[in-house]
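> Hey, dropping model_3.cif in here, mmCIF, C-alpha atoms and all ligand atoms:
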data_protein
loop_
_atom_site.label_atom_id
_atom_site.label_comp_id
_atom_site.auth_asym_id
_atom_site.auth_seq_id
_atom_site.Cartn_x
_atom_site.Cartn_y
_atom_site.Cartn_z
CA MET A 153 -32.98 -4.16 18.26
CA ASN A 154 -30.22 -5.40 15.95
CA ILE A 155 -29.44 -9.08 15.98
CA ALA A 156 -26.63 -10.35 13.77
CA MET A 157 -26.14 -14.02 12.93
CA LEU A 158 -23.08 -13.86 15.15
CA ASP A 159 -21.56 -11.07 17.23
CA LEU A 160 -17.85 -11.79 17.21
CA ARG A 161 -17.02 -8.57 19.04
CA ARG A 162 -19.17 -9.65 21.97
CA GLU A 163 -17.39 -13.01 22.06
CA TYR A 164 -14.02 -11.28 21.97
CA LEU A 165 -14.92 -9.01 24.89
CA TYR A 166 -16.11 -12.03 26.87
CA MET A 167 -12.67 -13.65 26.61
CA LYS A 168 -10.56 -10.55 25.98
CA ASN A 169 -8.05 -11.05 28.80
CA ASN A 170 -7.18 -14.57 27.69
CA ILE A 171 -6.92 -13.65 24.03
CA ASP A 172 -4.91 -10.48 24.56
CA ALA A 173 -2.45 -12.32 26.78
CA ALA A 174 -2.06 -15.07 24.16
CA ILE A 175 -1.35 -12.52 21.42
CA GLU A 176 1.08 -10.66 23.70
CA ARG A 177 3.06 -13.88 24.17
CA CYS A 178 3.41 -14.23 20.39
CA LEU A 179 4.58 -10.64 20.08
CA GLU A 180 7.26 -11.43 22.62
CA HIS A 181 8.61 -14.62 21.10
CA GLN A 182 8.17 -13.66 17.40
CA SER A 183 8.12 -17.30 16.31
CA TRP A 184 5.47 -16.87 13.63
CA ILE A 185 5.82 -20.09 11.68
CA LEU A 186 5.09 -23.31 13.60
CA GLY A 187 5.72 -21.54 16.89
CA PRO A 188 5.12 -23.23 20.26
CA GLU A 189 1.37 -22.44 20.22
CA VAL A 190 0.82 -24.65 17.17
CA LYS A 191 2.18 -27.73 18.91
CA GLU A 192 0.32 -26.89 22.10
CA PHE A 193 -2.95 -26.36 20.24
CA GLU A 194 -2.54 -29.66 18.39
CA LYS A 195 -1.91 -31.44 21.68
CA LYS A 196 -4.89 -29.84 23.43
CA CYS A 197 -7.15 -30.63 20.48
CA ALA A 198 -6.03 -34.26 20.42
CA GLU A 199 -6.82 -34.53 24.16
CA PHE A 200 -10.15 -32.73 23.76
CA LEU A 201 -11.25 -34.87 20.82
CA GLY A 202 -9.80 -38.12 22.15
CA VAL A 203 -7.69 -38.85 19.08
CA LYS A 204 -4.05 -39.76 18.56
CA HIS A 205 -3.00 -37.03 16.11
CA CYS A 206 -4.15 -33.50 15.37
CA ILE A 207 -2.39 -31.51 12.66
CA GLY A 208 -3.04 -27.81 12.33
CA CYS A 209 -3.41 -26.40 8.84
CA SER A 210 -4.36 -23.25 6.98
CA SER A 211 -8.13 -23.75 6.47
CA GLY A 212 -10.92 -26.29 6.50
CA THR A 213 -10.76 -26.45 2.72
CA ASP A 214 -7.06 -27.27 2.80
CA ALA A 215 -7.71 -29.84 5.53
CA LEU A 216 -10.18 -31.62 3.21
CA VAL A 217 -7.84 -31.53 0.21
CA ILE A 218 -4.93 -32.81 2.31
CA ALA A 219 -7.03 -35.60 3.88
CA LEU A 220 -8.10 -36.84 0.43
CA ARG A 221 -4.63 -36.47 -1.08
CA ALA A 222 -3.13 -38.40 1.86
CA ILE A 223 -5.44 -41.32 1.12
CA ALA A 224 -4.46 -41.22 -2.57
CA ILE A 225 -0.78 -41.25 -1.52
CA ASN A 226 -1.48 -44.07 0.93
CA ASN A 227 -2.96 -45.96 -2.08
CA GLY A 228 0.31 -45.43 -3.99
CA LYS A 229 -0.47 -42.38 -6.16
CA GLU A 230 -0.11 -38.61 -5.85
CA PHE A 231 -3.67 -37.83 -6.96
CA PHE A 232 -6.82 -39.83 -7.58
CA THR A 233 -7.99 -40.17 -11.16
CA PRO A 234 -11.47 -39.24 -12.50
CA ASP A 235 -12.51 -42.93 -12.66
CA GLU A 236 -12.14 -43.03 -8.87
CA GLU A 237 -15.13 -41.78 -6.91
CA ILE A 238 -15.81 -40.07 -3.62
CA LEU A 239 -19.36 -40.08 -2.26
CA THR A 240 -20.71 -36.99 -0.58
CA THR A 241 -23.75 -34.80 -0.07
CA PRO A 242 -24.77 -32.08 -2.54
CA PHE A 243 -26.15 -30.03 0.36
CA THR A 244 -22.99 -28.55 1.83
CA PHE A 245 -20.53 -25.72 1.40
CA THR A 246 -18.74 -25.67 -1.97
CA ALA A 247 -15.41 -26.59 -0.37
CA THR A 248 -16.53 -30.17 0.29
CA GLY A 249 -17.00 -30.91 -3.41
CA ASP A 250 -14.21 -28.63 -4.54
CA ALA A 251 -11.73 -30.57 -2.38
CA ILE A 252 -12.78 -33.78 -4.16
CA LEU A 253 -12.11 -32.21 -7.57
CA ARG A 254 -8.73 -31.00 -6.36
CA SER A 255 -7.83 -34.51 -5.19
CA GLY A 256 -8.36 -35.69 -8.78
CA ALA A 257 -11.38 -37.92 -8.02
CA THR A 258 -14.97 -37.55 -9.23
CA PRO A 259 -17.51 -36.39 -6.66
CA VAL A 260 -20.69 -38.46 -6.62
CA PHE A 261 -23.55 -36.55 -5.04
CA ILE A 262 -25.98 -38.63 -3.02
CA ASP A 263 -29.31 -37.27 -1.79
CA ILE A 264 -29.88 -36.23 1.81
CA ASN A 265 -32.08 -37.41 4.60
CA PRO A 266 -34.79 -34.70 4.91
CA GLU A 267 -34.91 -35.03 8.67
CA ASP A 268 -31.33 -34.00 9.49
CA PHE A 269 -30.05 -32.66 6.11
CA ASN A 270 -27.16 -35.16 6.20
CA VAL A 271 -26.32 -37.69 3.49
CA SER A 272 -28.85 -40.53 3.20
CA ILE A 273 -27.29 -43.78 4.40
CA ASP A 274 -29.85 -45.74 2.46
CA ALA A 275 -28.89 -43.97 -0.79
CA VAL A 276 -25.18 -44.46 -0.08
CA LEU A 277 -25.81 -48.19 0.27
CA ARG A 278 -27.86 -48.36 -2.90
CA TYR A 279 -25.12 -46.58 -4.84
CA LEU A 280 -22.43 -48.86 -3.45
CA ARG A 281 -24.40 -51.99 -4.38
CA LEU A 282 -24.46 -50.75 -7.97
CA ASN A 283 -21.02 -49.15 -8.29
CA GLY A 284 -19.02 -50.19 -5.22
CA LYS A 285 -15.74 -50.92 -7.03
CA LYS A 286 -15.01 -47.33 -8.09
CA VAL A 287 -15.66 -45.74 -4.72
CA LYS A 288 -12.57 -44.90 -2.68
CA ILE A 289 -13.94 -42.65 0.04
CA ILE A 290 -17.18 -41.61 1.75
CA LEU A 291 -17.11 -37.96 2.80
CA PRO A 292 -19.96 -37.32 5.23
CA VAL A 293 -20.57 -33.72 6.32
CA HIS A 294 -21.95 -33.11 9.81
CA LEU A 295 -24.09 -30.24 8.61
CA TYR A 296 -25.14 -27.48 11.00
CA GLY A 297 -23.20 -29.32 13.74
CA SER A 298 -25.53 -32.33 13.70
CA PRO A 299 -23.89 -35.78 13.57
CA CYS A 300 -24.28 -38.16 10.64
CA SER A 301 -25.04 -41.77 11.61
CA MET A 302 -21.43 -42.79 12.07
CA ASP A 303 -22.12 -46.41 13.11
CA ALA A 304 -23.81 -47.09 9.79
CA ILE A 305 -21.19 -45.19 7.78
CA SER A 306 -18.31 -47.01 9.49
CA GLU A 307 -19.96 -50.38 8.97
CA ILE A 308 -20.64 -49.72 5.29
CA ALA A 309 -17.11 -48.39 4.75
CA SER A 310 -15.48 -51.42 6.31
CA SER A 311 -17.63 -53.86 4.38
CA TYR A 312 -16.74 -52.13 1.07
CA ASN A 313 -13.15 -51.49 2.19
CA ILE A 314 -13.32 -47.75 1.62
CA PHE A 315 -12.05 -44.80 3.61
CA VAL A 316 -14.14 -42.33 5.59
CA VAL A 317 -13.17 -38.65 5.75
CA GLU A 318 -15.42 -36.64 8.05
CA ASP A 319 -16.10 -33.01 7.15
CA VAL A 320 -16.24 -31.63 10.68
CA ALA A 321 -16.00 -27.97 9.65
CA GLN A 322 -19.30 -27.17 11.39
CA ALA A 323 -19.05 -29.58 14.29
CA PHE A 324 -16.08 -28.93 16.57
CA GLY A 325 -16.92 -30.58 19.90
CA ALA A 326 -19.98 -32.46 18.60
CA ARG A 327 -20.43 -36.16 19.37
CA TRP A 328 -21.75 -39.36 17.91
CA LYS A 329 -22.62 -41.45 20.99
CA ASP A 330 -19.54 -41.29 23.24
CA LYS A 331 -17.08 -40.26 20.53
CA LYS A 332 -16.27 -36.79 19.28
CA LEU A 333 -16.91 -36.24 15.59
CA GLY A 334 -13.75 -36.24 13.52
CA THR A 335 -12.35 -39.24 15.41
CA ILE A 336 -14.54 -42.00 13.97
CA GLY A 337 -13.62 -41.93 10.28
CA HIS A 338 -10.04 -42.44 9.08
CA THR A 339 -9.53 -38.69 9.27
CA GLY A 340 -11.52 -35.58 10.15
CA ALA A 341 -11.19 -32.13 8.57
CA PHE A 342 -12.01 -29.15 10.79
CA SER A 343 -12.38 -25.45 9.97
CA PHE A 344 -11.61 -22.57 12.30
CA PHE A 345 -13.13 -19.95 9.99
CA PRO A 346 -14.13 -17.05 12.31
CA SER A 347 -17.85 -17.93 12.33
CA LYS A 348 -17.34 -21.59 13.26
CA ASN A 349 -18.09 -22.96 16.75
CA LEU A 350 -14.38 -22.57 17.40
CA GLY A 351 -13.23 -19.74 15.16
CA GLY A 352 -9.91 -17.95 14.81
CA PHE A 353 -9.08 -14.40 13.82
CA GLY A 354 -8.69 -15.44 10.19
CA ASP A 355 -8.50 -18.73 8.32
CA GLY A 356 -7.41 -21.93 10.02
CA GLY A 357 -8.09 -25.65 9.97
CA MET A 358 -7.07 -28.99 11.40
CA LEU A 359 -6.80 -32.67 10.57
CA SER A 360 -7.44 -35.47 13.06
CA THR A 361 -6.61 -39.15 12.81
CA ASN A 362 -5.74 -42.25 14.82
CA ASP A 363 -3.65 -43.60 11.93
CA ASP A 364 0.10 -42.93 12.33
CA HIS A 365 0.88 -43.36 8.65
CA LEU A 366 -1.88 -41.03 7.43
CA ALA A 367 -0.86 -38.51 10.09
CA GLU A 368 2.68 -38.47 8.79
CA ILE A 369 1.59 -37.98 5.17
CA MET A 370 -0.88 -35.25 6.10
CA ARG A 371 1.69 -33.35 8.14
CA THR A 372 4.14 -33.64 5.29
CA LEU A 373 1.57 -32.26 2.82
CA THR A 374 0.99 -29.15 4.96
CA LYS A 375 4.72 -28.46 4.73
CA HIS A 376 5.41 -28.52 0.98
CA GLY A 377 5.26 -32.31 0.74
CA GLY A 378 8.40 -33.33 2.59
CA LYS A 379 9.69 -33.91 6.08
CA ASP A 380 12.63 -31.84 4.88
CA LYS A 381 11.26 -28.86 2.99
CA TYR A 382 14.45 -28.58 0.95
CA ASN A 383 14.08 -32.15 -0.31
CA VAL A 384 10.44 -33.10 -0.79
CA ASP A 385 8.65 -36.35 -1.65
CA HIS A 386 5.14 -35.24 -2.66
CA ILE A 387 3.29 -32.43 -4.41
CA GLY A 388 2.52 -30.51 -1.26
CA TYR A 389 1.14 -27.22 -0.05
CA ASN A 390 2.18 -24.32 2.09
CA ALA A 391 -0.75 -24.98 4.40
CA ARG A 392 0.49 -24.62 7.96
CA LEU A 393 -1.60 -23.24 10.80
CA ASP A 394 -0.31 -19.76 11.77
CA THR A 395 1.22 -19.40 15.21
CA LEU A 396 -1.01 -16.40 15.87
CA GLN A 397 -4.17 -18.31 14.94
CA ALA A 398 -3.09 -21.21 17.15
CA ALA A 399 -2.61 -18.78 20.06
CA VAL A 400 -6.09 -17.29 19.59
CA LEU A 401 -7.66 -20.72 19.16
CA LEU A 402 -5.96 -22.02 22.32
CA ALA A 403 -7.41 -19.11 24.27
CA LYS A 404 -10.91 -19.54 22.78
CA MET A 405 -10.94 -23.31 23.05
CA LYS A 406 -11.45 -23.15 26.83
CA TYR A 407 -14.97 -21.94 26.13
CA THR A 408 -15.90 -24.63 23.61
CA ASP A 409 -18.03 -26.84 25.87
CA GLU A 410 -19.70 -23.87 27.54
CA PHE A 411 -20.50 -22.22 24.22
CA ASN A 412 -21.71 -25.42 22.59
CA SER A 413 -24.12 -26.08 25.49
CA ARG A 414 -25.38 -22.50 25.30
CA ARG A 415 -26.16 -23.09 21.61
CA VAL A 416 -28.12 -26.24 22.45
CA MET A 417 -30.05 -24.35 25.15
CA ILE A 418 -31.03 -21.64 22.67
CA ALA A 419 -32.09 -24.31 20.17
CA ARG A 420 -34.30 -25.91 22.84
CA ARG A 421 -35.88 -22.57 23.64
CA TYR A 422 -36.58 -21.88 19.95
CA ASN A 423 -38.10 -25.35 19.56
CA GLU A 424 -40.31 -24.94 22.64
CA GLN A 425 -41.55 -21.52 21.60
CA LEU A 426 -41.97 -21.94 17.85
CA HIS A 427 -43.61 -25.35 17.65
CA GLU A 428 -47.13 -23.95 17.32
CA ILE A 429 -46.35 -22.43 13.90
CA LYS A 430 -47.62 -24.90 11.35
CA GLU A 431 -45.90 -23.37 8.31
CA ILE A 432 -42.41 -24.05 9.64
CA GLU A 433 -40.55 -27.23 10.43
CA LEU A 434 -38.12 -27.06 13.32
CA PRO A 435 -34.81 -28.89 13.53
CA ALA A 436 -34.68 -32.07 15.60
CA ILE A 437 -32.36 -31.86 18.60
CA HIS A 438 -30.04 -34.78 17.95
CA GLU A 439 -27.89 -36.04 20.78
CA GLY A 440 -24.36 -34.72 20.42
CA SER A 441 -25.29 -31.84 18.08
CA VAL A 442 -23.60 -28.48 18.67
CA PHE A 443 -26.03 -26.36 16.64
CA HIS A 444 -23.55 -24.52 14.49
CA GLN A 445 -26.72 -23.30 12.79
CA TYR A 446 -30.33 -23.38 13.88
CA THR A 447 -32.12 -24.02 10.62
CA ILE A 448 -35.85 -24.10 10.04
CA ARG A 449 -37.79 -25.06 6.93
CA ILE A 450 -40.43 -22.72 5.59
CA LYS A 451 -43.24 -24.22 3.58
CA ASN A 452 -45.42 -22.48 1.00
CA GLY A 453 -42.61 -20.43 -0.56
CA ARG A 454 -42.76 -17.72 2.11
CA ARG A 455 -39.04 -17.82 2.94
CA THR A 456 -38.07 -14.59 1.17
CA ARG A 457 -41.00 -12.72 2.71
CA LEU A 458 -40.04 -13.95 6.18
CA GLN A 459 -36.43 -12.94 5.60
CA GLU A 460 -37.49 -9.44 4.53
CA PHE A 461 -39.85 -9.12 7.50
CA LEU A 462 -37.11 -10.12 9.95
CA LYS A 463 -34.62 -7.80 8.25
CA GLN A 464 -36.99 -4.89 8.85
CA LYS A 465 -37.06 -5.93 12.50
CA GLY A 466 -33.25 -5.84 12.58
CA ILE A 467 -32.83 -9.62 12.64
CA ALA A 468 -30.28 -11.20 10.29
CA THR A 469 -30.96 -14.58 8.66
CA MET A 470 -29.03 -16.68 6.16
CA VAL A 471 -29.79 -19.38 3.63
CA TYR A 472 -27.27 -22.21 3.96
CA TYR A 473 -27.31 -23.16 1.06
CA PRO A 474 -29.29 -21.55 -1.77
CA PHE A 475 -27.77 -23.92 -4.38
CA CYS A 476 -26.81 -27.56 -4.20
CA LEU A 477 -23.35 -28.47 -5.41
CA HIS A 478 -24.58 -30.38 -8.47
CA GLN A 479 -26.34 -27.19 -9.63
CA MET A 480 -23.12 -25.18 -9.75
CA LYS A 481 -21.16 -24.63 -12.94
CA VAL A 482 -17.89 -25.83 -11.44
CA PHE A 483 -19.31 -29.34 -10.96
CA GLN A 484 -20.90 -29.63 -14.41
CA GLY A 485 -19.19 -32.41 -16.36
CA ARG A 486 -16.89 -33.10 -13.41
CA SER A 487 -19.26 -34.87 -11.03
CA LYS A 488 -21.96 -37.53 -10.97
CA THR A 489 -25.37 -37.55 -9.32
CA PHE A 490 -27.22 -40.55 -7.97
CA GLY A 491 -30.95 -40.19 -8.55
CA ASN A 492 -32.66 -36.83 -8.79
CA LEU A 493 -31.42 -35.35 -5.47
CA SER A 494 -34.91 -33.99 -4.89
CA GLU A 495 -34.57 -33.79 -1.08
CA ALA A 496 -31.39 -31.71 -1.33
CA GLU A 497 -32.99 -29.38 -3.87
CA LYS A 498 -36.11 -29.05 -1.74
CA ALA A 499 -33.97 -28.22 1.31
CA SER A 500 -32.16 -25.48 -0.61
CA ARG A 501 -35.55 -23.88 -1.40
CA GLU A 502 -36.91 -24.15 2.15
CA VAL A 503 -34.13 -23.66 4.70
CA LEU A 504 -33.49 -20.53 6.71
CA SER A 505 -30.93 -20.19 9.49
CA ILE A 506 -31.74 -17.75 12.27
CA PRO A 507 -29.33 -16.23 14.81
CA ILE A 508 -27.95 -18.71 17.30
CA GLU A 509 -25.07 -17.31 19.19
CA PRO A 510 -23.75 -18.53 22.53
CA LEU A 511 -23.89 -15.08 24.14
CA MET A 512 -27.35 -14.04 22.90
CA THR A 513 -29.33 -12.59 25.78
CA GLU A 514 -32.71 -14.08 26.71
CA GLN A 515 -34.26 -10.81 25.61
CA GLU A 516 -32.70 -11.17 22.16
CA GLN A 517 -33.85 -14.77 21.88
CA HIS A 518 -37.41 -13.75 22.80
CA TYR A 519 -37.30 -10.92 20.29
CA VAL A 520 -36.40 -13.39 17.51
CA ILE A 521 -39.18 -15.74 18.67
CA SER A 522 -41.84 -13.04 18.93
CA SER A 523 -40.89 -11.57 15.55
CA ILE A 524 -41.26 -14.95 13.83
CA LYS A 525 -44.60 -15.46 15.58
CA GLU A 526 -45.73 -12.01 14.51
CA PHE A 527 -45.06 -12.94 10.87
CA PHE A 528 -46.90 -16.27 10.94
CA LEU A 529 -49.54 -15.58 13.59
CA PRO A 530 -50.32 -11.86 13.20
CA ASN A 531 -53.47 -12.15 15.32
CA GLY A 532 -51.60 -14.10 17.79
C1 LIG B 601 -19.14 -27.97 5.55
C2 LIG B 601 -17.91 -27.15 5.32
N1 LIG B 601 -16.85 -27.73 4.74
C3 LIG B 601 -15.72 -27.05 4.52
C4 LIG B 601 -15.59 -25.73 4.88
C5 LIG B 601 -14.33 -25.01 4.53
O1 LIG B 601 -13.69 -24.44 5.62
P1 LIG B 601 -12.78 -23.13 5.43
O2 LIG B 601 -13.67 -21.97 5.20
O3 LIG B 601 -12.03 -23.04 6.71
O4 LIG B 601 -11.85 -23.37 4.28
C6 LIG B 601 -16.68 -25.08 5.50
C7 LIG B 601 -16.65 -23.71 5.99
O5 LIG B 601 -16.32 -22.73 5.57
C8 LIG B 601 -17.87 -25.81 5.71
O6 LIG B 601 -18.93 -25.23 6.29
#
As structure tokens, please, write out the structure in this file.

Amino acid sequence: MNIAMLDLRREYLYMKNNIDAAIERCLEHQSWILGPEVKEFEKKCAEFLGVKHCIGCSSGTDALVIALRAIAINNGKEFFTPDEEILTTPFTFTATGDAILRSGATPVFIDINPEDFNVSIDAVLRYLRLNGKKVKIILPVHLYGSPCSMDAISEIASSYNIFVVEDVAQAFGARWKDKKLGTIGHTGAFSFFPSKNLGGFGDGGMLSTNDDHLAEIMRTLTKHGGKDKYNVDHIGYNARLDTLQAAVLLAKMKYTDEFNSRRVMIARRYNEQLHEIKEIELPAIHEGSVFHQYTIRIKNGRRTRLQEFLKQKGIATMVYYPFCLHQMKVFQGRSKTFGNLSEAEKASREVLSIPIEPLMTEQEQHYVISSIKEFFLPNG
């Protein structure tokens, strides 16, 4: 049996009629830049998320950069300066930290909570008590589709008068209590990279906000920095969402709730069936999570051996992420760390994501489970 992390072809075939029809419509109207699908997708997303504004853009990375730049502009300057700080987790995809550098600010990496891999609220508070004045933004990442504690983050942000930008790249459709992620902070930055819970046929992203002023600045930044592109106000980007991507995303979006619940069901099955293995730690099933990844921890340094064993069985696995951001060259001399970040570093040595795909058959799920059991419990 061959089990990939994600089988995009299978997903396509499942929704082929809808997607093909959507692409056909684009071929007919030929309105490739900011065509009608972009507006429609933005509207549907705003309804789905329960937020006032959604603004399509070219990628999740660009969404993050634009969200941070918009806050700098809102504060009266084009870019932040290196004495201004943005707090985030070191255990995330490079783009989170990279976007901070590109906004001009200094990323400050705060350790994670070992239980859900998200930024430690306690450490954020301790940092703010020491250095609160320099911090402009908190950038929590809802890693693997699991929500950060947004009540605590919102409360801290309002008491220190700082902005919250949610990195929702991995959490489209996920919730914190009764609110969708990406609608609680001042803005949310989504990615529609093909492997995401809602993925396009190429790069794509989106910004969400309830703030009219920020919405206007962000939209402007996606379009060269001006409402009129022949007479611009800000240093902007060519970062629009493609019409074709919007059409595909509109067609795929109808399956979001169904696919997210299928992911949670698979996660539950994995947790029920794998709990007897003492050498691994299973992810907690947090309310509102959409299990973008199902990530276990492997103790005793056996991760590589498990990966090789599963590879021989035809099962793909991935390490998200083998390095923390503060360990990368690009952040040397350009970022700060708070404490020794030992939990983040430990996570990067222990984590392993195994296939979790909405359309995985029960047989495939059981094959993954029995193969992991065979590795850890050979006498079974
Ligand atoms: C946590 C996180 N932030 C940001 C991004 C950047 O998104 P994109 O690849 O669409 O630029 C990604 C995904 O790729 C991500 O996983």
> Let me make sure I understand: among A:Gln464, A:Gln517, A:Thr395, A:Ser505, which one has the smallest atom-to-atom distance to A:Glu192 if we use only C-alpha atoms?
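Of the candidates, the smallest distance to A:Glu192 is held by A:Thr395.
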> Find the spatial neighbours of stretch 163-172 of chain A, counting only C-alpha atoms, within a cut-off of 12 Å - ignore same-chain residues fewer than 6 positions away - and output them as a list in words.
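Close residues of stretch 163-172 of chain A: Cys178, Leu179, Pro346, Ser347, Asn349, Leu350, Gly351, Gly352, Phe353, Leu396, Gln397, Ala398, Ala399, Val400, Leu401, Leu402, Ala403, Lys404, Met405, Lys406, Tyr407, Thr408, Phe411, Glu509, Pro510, Leu511 and Met512 of chain A.
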> Taking all atoms listed in the file into account, list the residues no farther than 6 Å from ligand LIG 601 (chain B), as a list in words.
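Here is the list of contacting residues: Ser211, Gly212, Thr213, Thr244, Phe245, Ala247, Thr248, Val293, Asp319, Ala321, Gln322, Ser343, Phe344, Phe345, Asp355, Gly356 and Gly357 of chain A.
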> Could you work out how far atom CA of A:Ala419 lies from atom CA of A:His518, giving the answer in Å with one decimal?
12.1 Å
> Nearest to A:Tyr312 among A:Ile524, A:Leu359, A:Ala275, A:Ile290, with distances taken over only C-alpha atoms: which residue is it?
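Comparing A:Ile524, A:Leu359, A:Ala275, A:Ile290 against A:Tyr312, the winner is A:Ile290.
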> Rank A:Thr233, A:Phe243, A:Pro266, A:Gly453 by their smallest atom-to-atom distance to A:Cys476, using all atoms listed in the file, and report the top residue only.
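Among A:Thr233, A:Phe243, A:Pro266, A:Gly453, it is A:Phe243 that comes nearest to A:Cys476.
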> Atom CA of A:Phe342 to atom CA of A:His205: how many Å, to one decimal?
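Pair atom CA of A:Phe342 / atom CA of A:His205 returns 13.1 Å.
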> With only C-alpha atoms as the atoms that count, which of A:Asp263, A:Ala222, A:His376, A:Gln445 lies nearest to A:Val276?
A:Asp263
> Taking into account only C-alpha atoms, which residue in the set A:Val217, A:Cys206, A:Val271, A:Ala198 is nearest to A:Pro242?
A:Val271
> Go through A:Phe261, A:Leu458, A:Glu176, A:Asn390 and flag the residue nearest A:Gln479, using only C-alpha atoms for the distances.
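Of all the options, A:Phe261 lies closest to A:Gln479.
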> Could you jot down the atom CA of A:Ile467 to atom CA of A:Gly440 separation for me, Å, one decimal place?
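For atom CA of A:Ile467 relative to atom CA of A:Gly440, the distance reads 27.6 Å.
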> Neighbouring residues of A:Ile437 were defined as those with any atom within 9 Å, considering only C-alpha atoms; residues of the same chain fewer than 5 positions away were excluded. Please report them as an MDAnalysis selection string.
chainID A and resid 298 416 419:420 423 443
> If you count all atoms listed in the file, which residues fall within 12 Å of A:Ala326, apart from same-chain ones fewer than 2 positions away, as a VMD selection string?
chain A and resid 200 to 201 294 to 300 320 to 324 328 to 336 342 349 to 350 408 to 409 411 to 413 415 to 416 438 to 444
> Could you turn the residues from that selection into a file that holds C-alpha atoms, as an mmCIF file, in the coordinates of the input?

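What landed in part_36.cif:
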data_model
loop_
_atom_site.group_PDB
_atom_site.id
_atom_site.type_symbol
_atom_site.label_atom_id
_atom_site.label_comp_id
_atom_site.auth_asym_id
_atom_site.auth_seq_id
_atom_site.Cartn_x
_atom_site.Cartn_y
_atom_site.Cartn_z
ATOM 1 C CA PHE A 200 -10.150 -32.730 23.760
ATOM 2 C CA LEU A 201 -11.250 -34.870 20.820
ATOM 3 C CA HIS A 294 -21.950 -33.110 9.810
ATOM 4 C CA LEU A 295 -24.090 -30.240 8.610
ATOM 5 C CA TYR A 296 -25.140 -27.480 11.000
ATOM 6 C CA GLY A 297 -23.200 -29.320 13.740
ATOM 7 C CA SER A 298 -25.530 -32.330 13.700
ATOM 8 C CA PRO A 299 -23.890 -35.780 13.570
ATOM 9 C CA CYS A 300 -24.280 -38.160 10.640
ATOM 10 C CA VAL A 320 -16.240 -31.630 10.680
ATOM 11 C CA ALA A 321 -16.000 -27.970 9.650
ATOM 12 C CA GLN A 322 -19.300 -27.170 11.390
ATOM 13 C CA ALA A 323 -19.050 -29.580 14.290
ATOM 14 C CA PHE A 324 -16.080 -28.930 16.570
ATOM 15 C CA TRP A 328 -21.750 -39.360 17.910
ATOM 16 C CA LYS A 329 -22.620 -41.450 20.990
ATOM 17 C CA ASP A 330 -19.540 -41.290 23.240
ATOM 18 C CA LYS A 331 -17.080 -40.260 20.530
ATOM 19 C CA LYS A 332 -16.270 -36.790 19.280
ATOM 20 C CA LEU A 333 -16.910 -36.240 15.590
ATOM 21 C CA GLY A 334 -13.750 -36.240 13.520
ATOM 22 C CA THR A 335 -12.350 -39.240 15.410
ATOM 23 C CA ILE A 336 -14.540 -42.000 13.970
ATOM 24 C CA PHE A 342 -12.010 -29.150 10.790
ATOM 25 C CA ASN A 349 -18.090 -22.960 16.750
ATOM 26 C CA LEU A 350 -14.380 -22.570 17.400
ATOM 27 C CA THR A 408 -15.900 -24.630 23.610
ATOM 28 C CA ASP A 409 -18.030 -26.840 25.870
ATOM 29 C CA PHE A 411 -20.500 -22.220 24.220
ATOM 30 C CA ASN A 412 -21.710 -25.420 22.590
ATOM 31 C CA SER A 413 -24.120 -26.080 25.490
ATOM 32 C CA ARG A 415 -26.160 -23.090 21.610
ATOM 33 C CA VAL A 416 -28.120 -26.240 22.450
ATOM 34 C CA HIS A 438 -30.040 -34.780 17.950
ATOM 35 C CA GLU A 439 -27.890 -36.040 20.780
ATOM 36 C CA GLY A 440 -24.360 -34.720 20.420
ATOM 37 C CA SER A 441 -25.290 -31.840 18.080
ATOM 38 C CA VAL A 442 -23.600 -28.480 18.670
ATOM 39 C CA PHE A 443 -26.030 -26.360 16.640
ATOM 40 C CA HIS A 444 -23.550 -24.520 14.490
#
